[in-house]
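Below is upload16.cif, holding mmCIF, C-alpha atoms.
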```cif
data_data
#
loop_
_atom_site.label_atom_id
_atom_site.label_comp_id
_atom_site.auth_asym_id
_atom_site.auth_seq_id
_atom_site.Cartn_x
_atom_site.Cartn_y
_atom_site.Cartn_z
CA MET A 220 0.00 0.00 0.00
CA ASN A 221 1.10 3.55 -0.73
CA PRO A 222 2.52 5.14 2.46
CA SER A 223 0.35 8.23 1.96
CA LYS A 224 -2.78 6.06 1.91
CA GLN A 225 -1.58 4.22 5.01
CA ALA A 226 -0.98 7.51 6.79
CA GLU A 227 -4.53 8.61 5.97
CA ILE A 228 -5.90 5.40 7.47
CA PHE A 229 -3.92 5.90 10.68
CA ASP A 230 -4.99 9.55 10.79
CA LYS A 231 -8.61 8.35 10.91
CA HIS A 232 -7.85 5.84 13.68
CA ALA A 233 -5.63 8.10 15.78
CA ARG A 234 -8.39 9.18 18.14
CA LEU A 235 -9.17 5.54 18.97
CA TYR A 236 -5.47 4.84 19.64
CA GLU A 237 -5.32 7.90 21.89
CA LYS A 238 -8.32 6.72 23.93
CA ARG A 239 -6.53 3.41 24.53
CA ARG A 240 -3.16 4.99 25.35
CA ASN A 241 -3.50 5.12 29.13
CA LYS A 242 -5.70 2.05 29.47
CA SER A 243 -4.48 -1.44 30.30
CA THR A 244 -5.10 -3.56 27.19
CA ILE A 245 -4.27 -7.13 26.21
CA ASP A 246 -0.86 -6.08 24.91
CA THR A 247 0.15 -3.83 27.84
CA LYS A 248 1.89 -6.62 29.74
CA PHE A 249 3.90 -7.51 26.62
CA ARG A 250 5.00 -3.91 26.15
CA LYS A 251 6.02 -3.57 29.81
CA LYS A 252 8.00 -6.79 29.73
CA LEU A 253 9.92 -5.78 26.60
CA LEU A 254 10.48 -2.12 27.43
CA ALA A 255 11.88 -2.91 30.87
CA SER A 256 15.10 -3.65 28.95
CA ALA A 257 15.20 -0.32 27.09
CA SER A 258 17.84 2.15 28.24
CA GLY A 259 19.97 5.12 27.21
CA ASN A 260 19.30 7.11 24.05
CA ILE A 261 16.30 5.39 22.49
CA LEU A 262 14.74 5.49 19.03
CA GLU A 263 11.14 4.30 18.75
CA VAL A 264 9.86 3.81 15.20
CA SER A 265 6.15 4.06 14.36
CA ALA A 266 5.42 5.37 17.84
CA GLY A 267 1.74 6.07 17.21
CA THR A 268 0.12 8.25 19.86
CA GLY A 269 2.87 7.54 22.39
CA THR A 270 1.46 4.41 24.04
CA ASN A 271 4.93 3.30 25.12
CA PHE A 272 6.15 6.61 26.50
CA SER A 273 4.99 6.05 30.09
CA LEU A 274 6.43 2.51 30.13
CA TYR A 275 10.09 3.47 29.72
CA ARG A 276 12.14 3.45 32.91
CA ASN A 277 15.85 3.96 32.09
CA VAL A 278 15.76 6.70 29.48
CA THR A 279 18.35 9.34 28.72
CA SER A 280 16.41 10.58 25.71
CA LEU A 281 13.71 9.25 23.39
CA THR A 282 13.33 10.05 19.69
CA ALA A 283 9.88 8.91 18.52
CA VAL A 284 8.89 8.76 14.86
CA ASP A 285 5.57 8.28 13.07
CA PHE A 286 4.27 9.20 9.62
CA SER A 287 0.68 9.99 10.61
CA THR A 288 -0.09 13.67 11.24
CA GLU A 289 -2.78 12.87 13.80
CA MET A 290 -0.71 10.21 15.58
CA VAL A 291 2.15 12.69 15.90
CA ARG A 292 -0.17 15.37 17.23
CA TYR A 293 -1.29 13.10 20.06
CA ALA A 294 2.24 11.79 20.63
CA LYS A 295 3.53 15.33 21.16
CA GLU A 296 0.96 15.78 23.90
CA ALA A 297 1.96 12.45 25.45
CA ALA A 298 5.61 13.58 25.38
CA LYS A 299 4.70 16.45 27.72
CA GLU A 300 3.64 13.93 30.38
CA VAL A 301 7.04 12.25 30.79
CA SER A 302 10.03 13.48 32.77
CA TYR A 303 12.73 12.52 30.27
CA ASP A 304 13.75 14.31 27.06
CA CYS A 305 11.30 13.19 24.35
CA THR A 306 11.35 14.42 20.73
CA VAL A 307 8.55 13.45 18.34
CA ILE A 308 9.22 13.55 14.59
CA GLN A 309 6.78 13.15 11.70
CA GLU A 310 8.44 11.10 8.98
CA ASP A 311 8.08 7.87 7.00
CA VAL A 312 10.38 5.39 8.75
CA GLU A 313 11.68 4.16 5.40
CA LYS A 314 12.91 7.70 4.66
CA LEU A 315 14.56 8.37 8.02
CA VAL A 316 18.16 9.54 8.09
CA PHE A 317 20.23 9.10 11.26
CA ARG A 318 23.96 8.72 11.66
CA GLU A 319 25.37 5.25 12.26
CA ASN A 320 25.76 4.00 15.84
CA GLN A 321 23.55 6.79 17.20
CA PHE A 322 21.19 4.94 19.56
CA ASP A 323 21.63 2.62 22.53
CA THR A 324 18.21 1.02 22.04
CA ILE A 325 15.84 0.87 19.08
CA VAL A 326 12.21 -0.11 19.70
CA SER A 327 9.45 -1.24 17.38
CA THR A 328 6.05 -2.37 18.64
CA LEU A 329 3.57 -3.80 16.15
CA SER A 330 4.92 -1.93 13.14
CA MET A 331 6.89 -4.43 11.02
CA CYS A 332 3.63 -5.71 9.56
CA SER A 333 3.00 -2.42 7.76
CA TYR A 334 6.26 -1.40 6.10
CA PRO A 335 6.43 -1.88 2.32
CA HIS A 336 10.09 -2.89 2.76
CA PRO A 337 10.54 -4.39 6.25
CA ASP A 338 13.96 -5.85 5.41
CA PHE A 339 15.25 -2.37 4.60
CA VAL A 340 13.87 -0.98 7.87
CA LEU A 341 15.60 -3.73 9.86
CA GLU A 342 18.87 -3.06 8.04
CA GLN A 343 18.61 0.64 8.89
CA MET A 344 17.88 -0.15 12.51
CA GLY A 345 21.03 -2.25 12.63
CA GLN A 346 23.07 0.68 11.32
CA TRP A 347 21.54 3.22 13.71
CA CYS A 348 22.10 1.02 16.76
CA LYS A 349 25.40 1.22 18.62
CA PRO A 350 27.64 -1.87 18.74
CA GLY A 351 26.46 -3.84 21.72
CA GLY A 352 23.17 -1.92 21.74
CA GLN A 353 19.68 -3.36 21.74
CA ILE A 354 16.95 -3.97 19.18
CA LEU A 355 13.65 -4.56 21.02
CA LEU A 356 10.67 -5.75 19.00
CA PHE A 357 7.06 -6.62 19.83
CA GLU A 358 5.64 -7.87 16.54
CA HIS A 359 3.14 -10.25 14.99
CA GLY A 360 3.60 -12.60 12.06
CA ILE A 361 2.75 -15.97 10.57
CA SER A 362 1.55 -18.46 13.18
CA SER A 363 3.40 -21.64 14.12
CA ASN A 364 -0.02 -23.33 14.05
CA LYS A 365 -0.68 -24.64 10.52
CA VAL A 366 -4.43 -24.01 10.61
CA ALA A 367 -4.03 -20.46 11.88
CA ALA A 368 -1.24 -19.82 9.36
CA ARG A 369 -3.46 -20.87 6.45
CA LEU A 370 -6.17 -18.51 7.67
CA GLN A 371 -3.65 -15.67 7.92
CA GLU A 372 -2.47 -16.33 4.37
CA LYS A 373 -6.06 -16.21 3.08
CA LEU A 374 -6.86 -12.99 4.94
CA ASP A 375 -3.58 -11.23 4.16
CA PRO A 376 -4.65 -9.70 0.80
CA LEU A 377 -7.73 -8.14 2.45
CA PHE A 378 -5.88 -6.79 5.49
CA SER A 379 -2.95 -5.47 3.48
CA GLU A 380 -5.29 -3.68 1.07
CA LYS A 381 -7.66 -2.20 3.64
CA ILE A 382 -5.33 -1.27 6.49
CA GLY A 383 -1.82 -1.89 5.19
CA CYS A 384 -1.16 -4.69 7.68
CA HIS A 385 0.39 -7.96 6.53
CA LEU A 386 -0.58 -11.01 8.58
CA ASP A 387 1.76 -13.62 7.10
CA ARG A 388 5.26 -12.19 7.41
CA ASP A 389 7.99 -14.38 8.88
CA ILE A 390 9.14 -11.84 11.45
CA ILE A 391 11.38 -14.24 13.37
CA GLY A 392 13.13 -15.29 10.17
CA LYS A 393 13.71 -11.71 9.06
CA VAL A 394 15.14 -10.70 12.43
CA ASN A 395 17.40 -13.76 12.65
CA GLU A 396 18.91 -12.86 9.27
CA ARG A 397 20.00 -9.41 10.45
CA PHE A 398 20.61 -9.53 14.19
CA GLU A 399 21.98 -11.71 16.93
CA VAL A 400 18.77 -12.72 18.72
CA THR A 401 19.31 -13.24 22.44
CA ARG A 402 15.73 -14.02 23.49
CA VAL A 403 12.31 -14.67 21.98
CA ASP A 404 9.00 -15.02 23.84
CA SER A 405 6.19 -16.15 21.54
CA HIS A 406 2.48 -16.10 22.36
CA LEU A 407 -0.97 -16.91 20.97
CA MET A 408 -0.11 -19.80 18.64
CA GLY A 409 3.21 -18.24 17.77
CA ILE A 410 1.62 -15.16 16.22
CA PHE A 411 2.99 -12.53 18.62
CA HIS A 412 6.66 -12.26 19.52
CA LEU A 413 8.75 -10.33 22.01
CA ILE A 414 12.27 -10.21 20.60
CA TRP A 415 15.50 -9.08 22.26
CA ALA A 416 18.36 -8.70 19.76
CA THR A 417 21.64 -6.92 19.16
CA PRO A 418 23.48 -5.99 15.93
CA PHE A 419 25.95 -8.60 14.68
CA LYS A 420 29.46 -7.93 15.95
#
```
Mind turning this structure into structure tokens?
Amino acid sequence: MNPSKQAEIFDKHARLYEKRRNKSTIDTKFRKKLLASASGNILEVSAGTGTNFSLYRNVTSLTAVDFSTEMVRYAKEAAKEVSYDCTVIQEDVEKLVFRENQFDTIVSTLSMCSYPHPDFVLEQMGQWCKPGGQILLFEHGISSNKVAARLQEKLDPLFSEKIGCHLDRDIIGKVNERFEVTRVDSHLMGIFHLIWATPFK
């Protein structure tokens, strides 16, 4: 899907995301578990309305990026509620430019399903992350359950066309190709994954 069309869809849904931001939802415990490891100068890609902002604990600074005008508007308000330095940028993640080895931690939560070129985004994240730094991902992908996986494959064309979300991506495989994965916690028939990784040495 064209990124501009995707951004329009997320603009329409931004108010719903904002209403959920401070509520405990089914994925809150996953986010807390993953983000407990985040530290230092952090980059969060596709940050939405700032759902993760209040969950960080060991932050020097946070740079948060999203391509939706409405998501960014809400995220800037959420940034005012935290005590650490938080900068919110509106930009397509695939067009981001940062210097190499800039961040201690890079975070993505439920965004790899939407990028037109997820492999490129992962490669960029590896370049932006400092040697010995962290890549923290909470993502969904193709199920380890064969029946569920077949259903995801059938529904993928509809979901990718309507909301720009791919259901059948092999997220674990893509991450293993580009990073040294130190831990994976998978849930709900192997659809959702918490991934702790670091750039290859």
With a cut-off of 12 Å, could you pull out the residues of segment 224-286 of chain A touching segment 353-361 of chain A and give me the nearest pair of atoms for each, distance in Å to one decimal, using all atoms listed in the file, ordered by chain and ascending number, as a tab-separated table?
```
residue	atom	partner	partner_atom	distance
A:Asp246	CA	A:Phe357	CA	9.4
A:Thr247	CA	A:Phe357	CA	10.9
A:Lys248	CA	A:Phe357	CA	11.2
A:Phe249	CA	A:Phe357	CA	7.5
A:Arg250	CA	A:Phe357	CA	7.2
A:Lys251	CA	A:Phe357	CA	10.5
A:Lys252	CA	A:Phe357	CA	9.9
A:Leu253	CA	A:Leu355	CA	6.8
A:Leu254	CA	A:Leu355	CA	7.6
A:Ala255	CA	A:Leu355	CA	10.1
A:Ser256	CA	A:Leu355	CA	8.1
A:Ala257	CA	A:Leu355	CA	7.6
A:Ser258	CA	A:Gln353	CA	8.7
A:Gly259	CA	A:Gln353	CA	10.1
A:Asn260	CA	A:Gln353	CA	10.7
A:Ile261	CA	A:Gln353	CA	9.4
A:Leu262	CA	A:Ile354	CA	9.7
A:Glu263	CA	A:Leu355	CA	9.5
A:Val264	CA	A:Leu356	CA	10.3
A:Ser265	CA	A:Leu356	CA	11.8
A:Asn271	CA	A:Phe357	CA	11.4
```
**Prompt:** For this file, the PyMOL selection byres ((chain A and resi 319) around 9) selects which residues, as JSON, numbers by chain?
**Reply:** {"A": [317, 318, 320, 321, 322, 343, 345, 346, 347, 348, 349]}
**Request:** Please write as a list in words the full residue list that the PyMOL selection byres ((chain A and resi 384-390) around 7) yields on this file.
**Result:** Cys332, Ser333, Gly360, Ile361, Gln371, Glu372, Asp375, Phe378, Ser379, Ile382, Gly383, Ile391, Gly392, Lys393 and Val394 of chain A
**Request:** Run the PyMOL selection byres ((chain A and resi 282-298) around 6) against the file shown and list the residues it catches, as a ChimeraX atom specification.
**Result:** /A:226,230,233,262-269,281,299-301,305-311
**Message:** Please report the interatomic distance between atom CA of Met408 of chain A and atom CA of Ser362 of chain A in Å with one decimal.
**Reply:** 5.9 Å
**Item:** Separation of atom CA of Ile414 of chain A from atom CA of Ser363 of chain A in Å
**Value:** 15.9 Å
**Prompt:** Any idea what the distance is between atom CA of Thr324 of chain A and atom CA of Gly352 of chain A?
**Reply:** 5.8 Å
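With all atoms listed in the file taken into account, the protein and nucleic acid residues at most 8 Å from Thr401 of chain A (excluding it and anything under 3 positions from it in its own chain) are Ile414, Trp415, Ala416 and Thr417 of chain A.
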Enclose segment 382-399 of chain A, meaning all of its atoms listed in the file, in a box aligned along x, y and z, pad it by 8 Å on each side, and list the centre and edge lengths in Å to one decimal, as AutoDock Vina command-line options.
```
--center_x 8.3 --center_y -8.3 --center_z 11.1 --size_x 43.3 --size_y 30.0 --size_z 27.7
```
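The shortest atom-to-atom distance to Phe339 of chain A, with only C-alpha atoms taken into account, belongs to A:Arg397 out of A:Arg240, A:Arg397, A:His232, A:Lys420.
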**Asked** Nearest to Gln225 of chain A: which of A:Ser280, A:Pro335, A:Ser327, A:Arg239 is it, counting all atoms listed in the file?
**Response** A:Pro335
**Request:** Have a look at A:Leu274, A:Ile228, A:Leu374, A:Ile325 and name the one nearest to Leu341 of chain A; count all atoms listed in the file.
**Result:** A:Ile325
**Message:** Nearest residue to Tyr275 of chain A out of A:Val326, A:Val316, A:Glu237, A:Glu342, using only C-alpha atoms?
**Reply:** A:Val326
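Here the question is which of A:Pro337, A:Lys231, A:Lys314, A:Leu329 gets nearest to Thr270 of chain A using only C-alpha atoms, and that residue is A:Leu329.
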Can you give me N, CA, C and O atoms for segment 318-330 of chain A, written as an mmCIF file, in the frame of the given file?
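rebuild_2.cif, freshly written:
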```cif
data_model
loop_
_atom_site.group_PDB
_atom_site.id
_atom_site.type_symbol
_atom_site.label_atom_id
_atom_site.label_comp_id
_atom_site.auth_asym_id
_atom_site.auth_seq_id
_atom_site.Cartn_x
_atom_site.Cartn_y
_atom_site.Cartn_z
ATOM 1 N N ARG A 318 22.579 9.165 11.822
ATOM 2 C CA ARG A 318 23.960 8.720 11.660
ATOM 3 C C ARG A 318 24.115 7.304 12.230
ATOM 4 O O ARG A 318 23.319 6.861 13.073
ATOM 5 N N GLU A 319 25.118 6.599 11.779
ATOM 6 C CA GLU A 319 25.370 5.250 12.260
ATOM 7 C C GLU A 319 25.748 5.270 13.735
ATOM 8 O O GLU A 319 26.343 6.233 14.235
ATOM 9 N N ASN A 320 25.396 4.195 14.421
ATOM 10 C CA ASN A 320 25.760 4.000 15.840
ATOM 11 C C ASN A 320 25.264 5.136 16.730
ATOM 12 O O ASN A 320 25.946 5.545 17.661
ATOM 13 N N GLN A 321 24.056 5.627 16.468
ATOM 14 C CA GLN A 321 23.550 6.790 17.200
ATOM 15 C C GLN A 321 22.778 6.413 18.466
ATOM 16 O O GLN A 321 22.807 7.157 19.454
ATOM 17 N N PHE A 322 22.106 5.252 18.473
ATOM 18 C CA PHE A 322 21.190 4.940 19.560
ATOM 19 C C PHE A 322 21.630 3.708 20.358
ATOM 20 O O PHE A 322 22.148 2.744 19.799
ATOM 21 N N ASP A 323 21.345 3.767 21.667
ATOM 22 C CA ASP A 323 21.630 2.620 22.530
ATOM 23 C C ASP A 323 20.572 1.536 22.367
ATOM 24 O O ASP A 323 20.874 0.341 22.462
ATOM 25 N N THR A 324 19.335 1.952 22.172
ATOM 26 C CA THR A 324 18.210 1.020 22.040
ATOM 27 C C THR A 324 17.296 1.490 20.923
ATOM 28 O O THR A 324 17.012 2.688 20.812
ATOM 29 N N ILE A 325 16.835 0.553 20.110
ATOM 30 C CA ILE A 325 15.840 0.870 19.080
ATOM 31 C C ILE A 325 14.625 -0.033 19.318
ATOM 32 O O ILE A 325 14.763 -1.245 19.496
ATOM 33 N N VAL A 326 13.450 0.580 19.345
ATOM 34 C CA VAL A 326 12.210 -0.110 19.700
ATOM 35 C C VAL A 326 11.214 -0.048 18.550
ATOM 36 O O VAL A 326 11.034 0.987 17.914
ATOM 37 N N SER A 327 10.574 -1.186 18.310
ATOM 38 C CA SER A 327 9.450 -1.240 17.380
ATOM 39 C C SER A 327 8.369 -2.107 18.013
ATOM 40 O O SER A 327 8.641 -3.239 18.416
ATOM 41 N N THR A 328 7.148 -1.567 18.119
ATOM 42 C CA THR A 328 6.050 -2.370 18.640
ATOM 43 C C THR A 328 4.907 -2.379 17.635
ATOM 44 O O THR A 328 4.319 -1.343 17.333
ATOM 45 N N LEU A 329 4.665 -3.559 17.086
ATOM 46 C CA LEU A 329 3.570 -3.800 16.150
ATOM 47 C C LEU A 329 3.620 -2.884 14.932
ATOM 48 O O LEU A 329 2.620 -2.284 14.534
ATOM 49 N N SER A 330 4.799 -2.776 14.326
ATOM 50 C CA SER A 330 4.920 -1.930 13.140
ATOM 51 C C SER A 330 5.514 -2.653 11.929
ATOM 52 O O SER A 330 5.323 -2.204 10.800
#
```
